[in-house]
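Before any comments, here is the structure.
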Amino acid sequence: MLGDTTSGGRHGRRALILVENLSVPFDRRVWQECATLRDAGWEVHVVCPRGGKRDTEAEAVIDGIRIHRYPLRAATGGPAGYLREYGAALWHTARLARKVGPVDVVHACNPPDLLFLPALWLKRQGARFVFDQHDLVPELYLSRFDRGKDLLYRGVCALERMTYRAADVVIATNESYRDVAVRRGGKRPEDVFVVRSAPDTDRFRPVPPEPELKRGKPHLLCYLGVMGPQDGVDYALRALAALRDKVGRTDWHAVFVGAGDTFDAMVELSRRLGLADRVEFTGRVPDADLVRYLSTADVCLSPDPRNPLNDVSTMNKVLEYMVMGRPIVSFDLKEARVSAGEAALYTSADDEGEFAELIARLLDDPELRARMGKAGQERVEGPLSWRNSQTALLAAYEAAYGAARGAAAGAVRRGRPAGGRKRPGTGPRR
């Protein structure tokens, strides 16, 4: 069993996790995976970009996990910007992977669906490839860019196919993603493992509410998360304008915590809607401040509109609202219901007026808010807990590592090492 060894890789098992989208340990899901593997006896290395204000060191060892970071400038200026970003990321990833040296498992987290390229090189050295699919990139492309199924869309579909083909094991964040890996990716069901994201309960623990955060209003509404084109912050702002203008409620203050590509545009939209005096944008904040806002919030907002990506994706903010015991208003999305259950009220997809009415309903019913908050906490502590995800993650690694051991044993019997290279002296003599 994977858990039978002590921390520190006693049996020499080494894992290399590749991330391009976020720095580590800022990427909470990846950090939880790292800690789980470390505790199960793996020596864990991570290659990722440096952060802007945190995770800035080129090299770090945190809690026994070795992190190798590279400088990366986020894409700007359309497709050419993404080519520059991804080209630089691949070069640095390959460079640092060579520095780490041979590993038993290479674990690549998307987006983008390009990390199979360094993973293939490591596979030739004998590693097994675990593909951790954080996003469905074709659906992300359709949802983020209003370009339809153009040449670039066909390109990202091809990259996804190549990634699936290269992967020995796939980790999916939910059952919808697992279905895609089997149906579209052609993976065997036994090679796809669902490892749900789960809140870090050490990070998210309620503290006493602070009424001053409500800016003199009876109620606080809270949004937490990324602000990108597909994340629906504009829907939330229009719903708040409807809450004021159509429902007639002015007894609230709202705080939007987070940052992203559309942050400045959303601040400007709030001004155009006349919400600047009651909507506060904090940007990214330290964990302690985040917990203060969520502990004080009466209602939390999950305004992700229905699109090809959102309908089948698990939203981290929903789980974080739930662990803090907050009731949620959400659009009616397939995976939103799977995650939140009775912790949320659901409105018809993209109906901002109904979204506003459900906010008002919760503001008027503190008992309903309390029941929903408790239901959410029970789900996060039970079926959605990280304990269950740990079991699935370790099973995925056992499948990959077990296959690697079998391949290595077979290669030795054939006179070849696991990487496929002949051992000295085993070939025909001239």
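Chains: A, B, ... in order of the structure tokens. Residues: from 1 per chain. Ligands: from 1, in order shown.
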
I'd like the neighbourhood of Val267 in chain A as a short mmCIF file (atom, residue, chain, number, x, y, z; two decimals) with N, CA and C atoms, in the first residue's frame, where a residue qualifies if any of its atoms comes within 9 Å (using only C-alpha atoms), though same-chain residues fewer than 6 positions away should be ignored.
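Wrote result_22.cif, looks like this:
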```cif
data_model
loop_
_atom_site.label_atom_id
_atom_site.label_comp_id
_atom_site.auth_asym_id
_atom_site.auth_seq_id
_atom_site.Cartn_x
_atom_site.Cartn_y
_atom_site.Cartn_z
N ALA A 276 -21.12 51.82 -7.25
CA ALA A 276 -19.81 52.08 -6.67
C ALA A 276 -19.86 52.34 -5.17
N VAL A 279 -20.64 48.46 -3.63
CA VAL A 279 -19.90 47.28 -4.06
C VAL A 279 -18.41 47.57 -3.91
N GLU A 280 -17.72 46.71 -3.17
CA GLU A 280 -16.30 46.89 -2.86
C GLU A 280 -15.50 45.78 -3.54
N PHE A 281 -14.47 46.18 -4.28
CA PHE A 281 -13.55 45.23 -4.91
C PHE A 281 -12.24 45.25 -4.15
#
```

Item to check | Which of range 159-217 of chain A DSSP labels strand (DSSP E), written as a PyMOL selection string | outcome: chain A and resi 169-172+192-194

Item to check | Residues near Lys123 in chain A, cut-off 9 Å, only C-alpha atoms, skip fewer than 6 positions along chain, as a ChimeraX atom specification | outcome: /A:104-106,129,419

Checklist entry - What are the DSSP helix (DSSP H, G or I) residues of range 191-336 of chain A, as an MDAnalysis selection string? => result chainID A and resid 191 211:214 233:245 263:272 287:296 310:312 316:323 334:336

Item to check | Close residues, range 160-174 of chain A itself excluded, 8 Å, only C-alpha atoms, min 2 positions apart in chain, as an MDAnalysis selection string | outcome: chainID A and resid 113:116 120 128:134 137:138 156:158 176:178 181 185:187 191:197 313:314 393 396 399:400

Checklist entry - Contacts of Ala254 in chain A at 8 Å or less, counting only C-alpha atoms, minus same-chain residues fewer than 4 places along, as a list in words? => result Lys214, Leu220, Leu221, Cys222, Tyr223, Arg278, Val279 and Glu280 of chain A

Item to check | Shell around Asp63 in chain A at 10 Å using only C-alpha atoms, local window under 6 positions removed, as a list in words | outcome: Cys34, Ala35 and Arg38 of chain A

Item to check | For range 294-306 of chain A: contacts at 6 Å, only C-alpha atoms, fewer than 4 positions along chain excluded, given as a PyMOL selection string | outcome: chain A and resi 206-207+209-210+220-223+231-232+236+310-311+327-330+349-350

Could you take the residues named above and write them with C-alpha atoms, as a PDB file, in the first residue's frame?
```
ATOM      1  CA  PRO A 206     -15.034  30.529  10.683  1.00  0.00           C
ATOM      2  CA  VAL A 207     -14.154  33.383  13.011  1.00  0.00           C
ATOM      3  CA  PRO A 209     -18.288  38.069  12.293  1.00  0.00           C
ATOM      4  CA  GLU A 210     -17.153  41.680  12.058  1.00  0.00           C
ATOM      5  CA  LEU A 220     -23.141  41.532   3.568  1.00  0.00           C
ATOM      6  CA  LEU A 221     -23.043  39.756   0.209  1.00  0.00           C
ATOM      7  CA  CYS A 222     -19.789  38.125  -0.879  1.00  0.00           C
ATOM      8  CA  TYR A 223     -18.205  36.894  -4.106  1.00  0.00           C
ATOM      9  CA  ASP A 231     -16.814  33.647 -14.390  1.00  0.00           C
ATOM     10  CA  GLY A 232     -20.004  35.717 -14.408  1.00  0.00           C
ATOM     11  CA  ALA A 236     -23.593  39.227 -10.363  1.00  0.00           C
ATOM     12  CA  ASN A 310     -19.214  25.997 -16.336  1.00  0.00           C
ATOM     13  CA  ASP A 311     -22.052  23.498 -16.594  1.00  0.00           C
ATOM     14  CA  PRO A 327     -25.766  29.910   1.999  1.00  0.00           C
ATOM     15  CA  ILE A 328     -25.311  30.331  -1.752  1.00  0.00           C
ATOM     16  CA  VAL A 329     -27.262  31.672  -4.695  1.00  0.00           C
ATOM     17  CA  SER A 330     -26.230  29.973  -7.934  1.00  0.00           C
ATOM     18  CA  ALA A 349     -29.570  29.758 -16.060  1.00  0.00           C
ATOM     19  CA  ASP A 350     -28.413  33.343 -16.580  1.00  0.00           C
TER      20      ASP A 350
END
```

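Note that CA of Val226 in chain A and CA of Gly258 in chain A are 5.6 Å apart.
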
Item to check | Shortest interatomic distance to Ala343 in chain A - which of A:Leu363, A:Ile65, A:Leu358, A:Met372, counting only C-alpha atoms | outcome: A:Met372
